[in-house]
Structure formats: structure tokens, C-alpha cells
Amino acid sequence: MVDAAKGVEAQTIKLLEVCRLRNTPIITFINKMDREVRDPLEVLDEIESVLKIKCAPVTWPIGMGSAFRRVPPVNDECCVLHRVKQRLAGSGSVARSANDRLAQQCRKK
């Protein structure tokens, strides 16, 4: 488990060494992607360089922090996005994004 804000920590490196000694399969998770954290590609690069393993993302978060929508299941061709309603100053309307348009297209399928 790698914290998206802190990156690869000392205990993760030690645990990985133990796994390698025991030939234990390794699956790495990046945690806390629903918060304001480092860029996911930066974290993946750190995992590859520090832990010396190749990364192949199985899921990818849609948005981060206040813009977080969800992490869709691997087998989804499409996903329904969570939307945080945000009032625009003075307009009274709800902000929409490209993710909202994507969700509408998926619902039509």
C-alpha cells in the first residue's frame, strides 16, 4: 500500500524485500486518491524507480480531492460518476464538467 501523498515509505521498502525473499506475489495499491495528493503518474514513477517493479494500472481515479468522482471497476465499459454540487457565484446554477457529459453518454448506451 502506497500513500498517494507520502509516496513510497521505508516500511514499504522493507516489506517488499521480505516478499522478494519469500517469492510472494506483489500487488501494489495507491491509497487516498480521493484527496488532494500528488499526480498519480508521479507516484507510479516513484514506485517503479524506488521499488524496482513495473506498474500496470488496473483502475484509475476520475478526479482528485474535491473533484473526485470515483474509481470505476476494471470491467466497466462505462461508469456513473459522483457529482459534488457546487453553486457558481451569483448564478445559482450547478457547475457541470466534461465528466458529466461522459456520464450522460454512458447512460444512453
# chains A, B, ... in the order shown; residues from 1 in each chain; ligands from 1
call {"tool": "residues_around", "arguments": {"residues": "Cys55 in chain A", "least_positions_apart": "3", "cutoff": "10 Å", "atoms": "only C-alpha atoms", "output": "list in words"}}
result
Ile27, Thr28, Leu44, Asp45, Ile47, Glu48, Lys52 and Val58 of chain A
call {"tool": "atom_distance", "arguments": {"atom1": "CA of Ile13 in chain A", "atom2": "CA of Phe29 in chain A"}}
result
13.9 Å
call {"tool": "closest_residue", "arguments": {"among": "A:Lys6, A:Arg22, A:Lys14, A:Lys32", "to": "Val71 in chain A", "atoms": "only C-alpha atoms"}}
result
A:Lys32
call {"tool": "residues_around", "arguments": {"residues": "Met33 in chain A", "least_positions_apart": "6", "cutoff": "9 Å", "atoms": "only C-alpha atoms", "output": "ChimeraX atom specification"}}
result
/A:3-5,40,61,63-65,68,71
call {"tool": "closest_residue", "arguments": {"among": "A:Leu41, A:Ser49, A:Asp34, A:Glu17", "to": "Ile62 in chain A", "atoms": "only C-alpha atoms"}}
result
A:Asp34
call {"tool": "atom_distance", "arguments": {"atom1": "CA of Ile53 in chain A", "atom2": "CA of Arg38 in chain A"}}
result
19.6 Å
call {"tool": "atom_distance", "arguments": {"atom1": "CA of Asn31 in chain A", "atom2": "CA of Met1 in chain A"}}
result
6.5 Å
call {"tool": "select_by_dssp", "arguments": {"residues": "range 8-60 of chain A", "states": "helix (DSSP H, G or I)", "output": "list in words"}}
result
Ala10, Gln11, Thr12, Ile13, Lys14, Leu15, Leu16, Glu17, Val18, Cys19, Arg20, Leu21, Pro40, Leu41, Glu42, Val43, Leu44, Asp45, Glu46, Ile47, Glu48, Ser49, Val50 and Leu51 of chain A
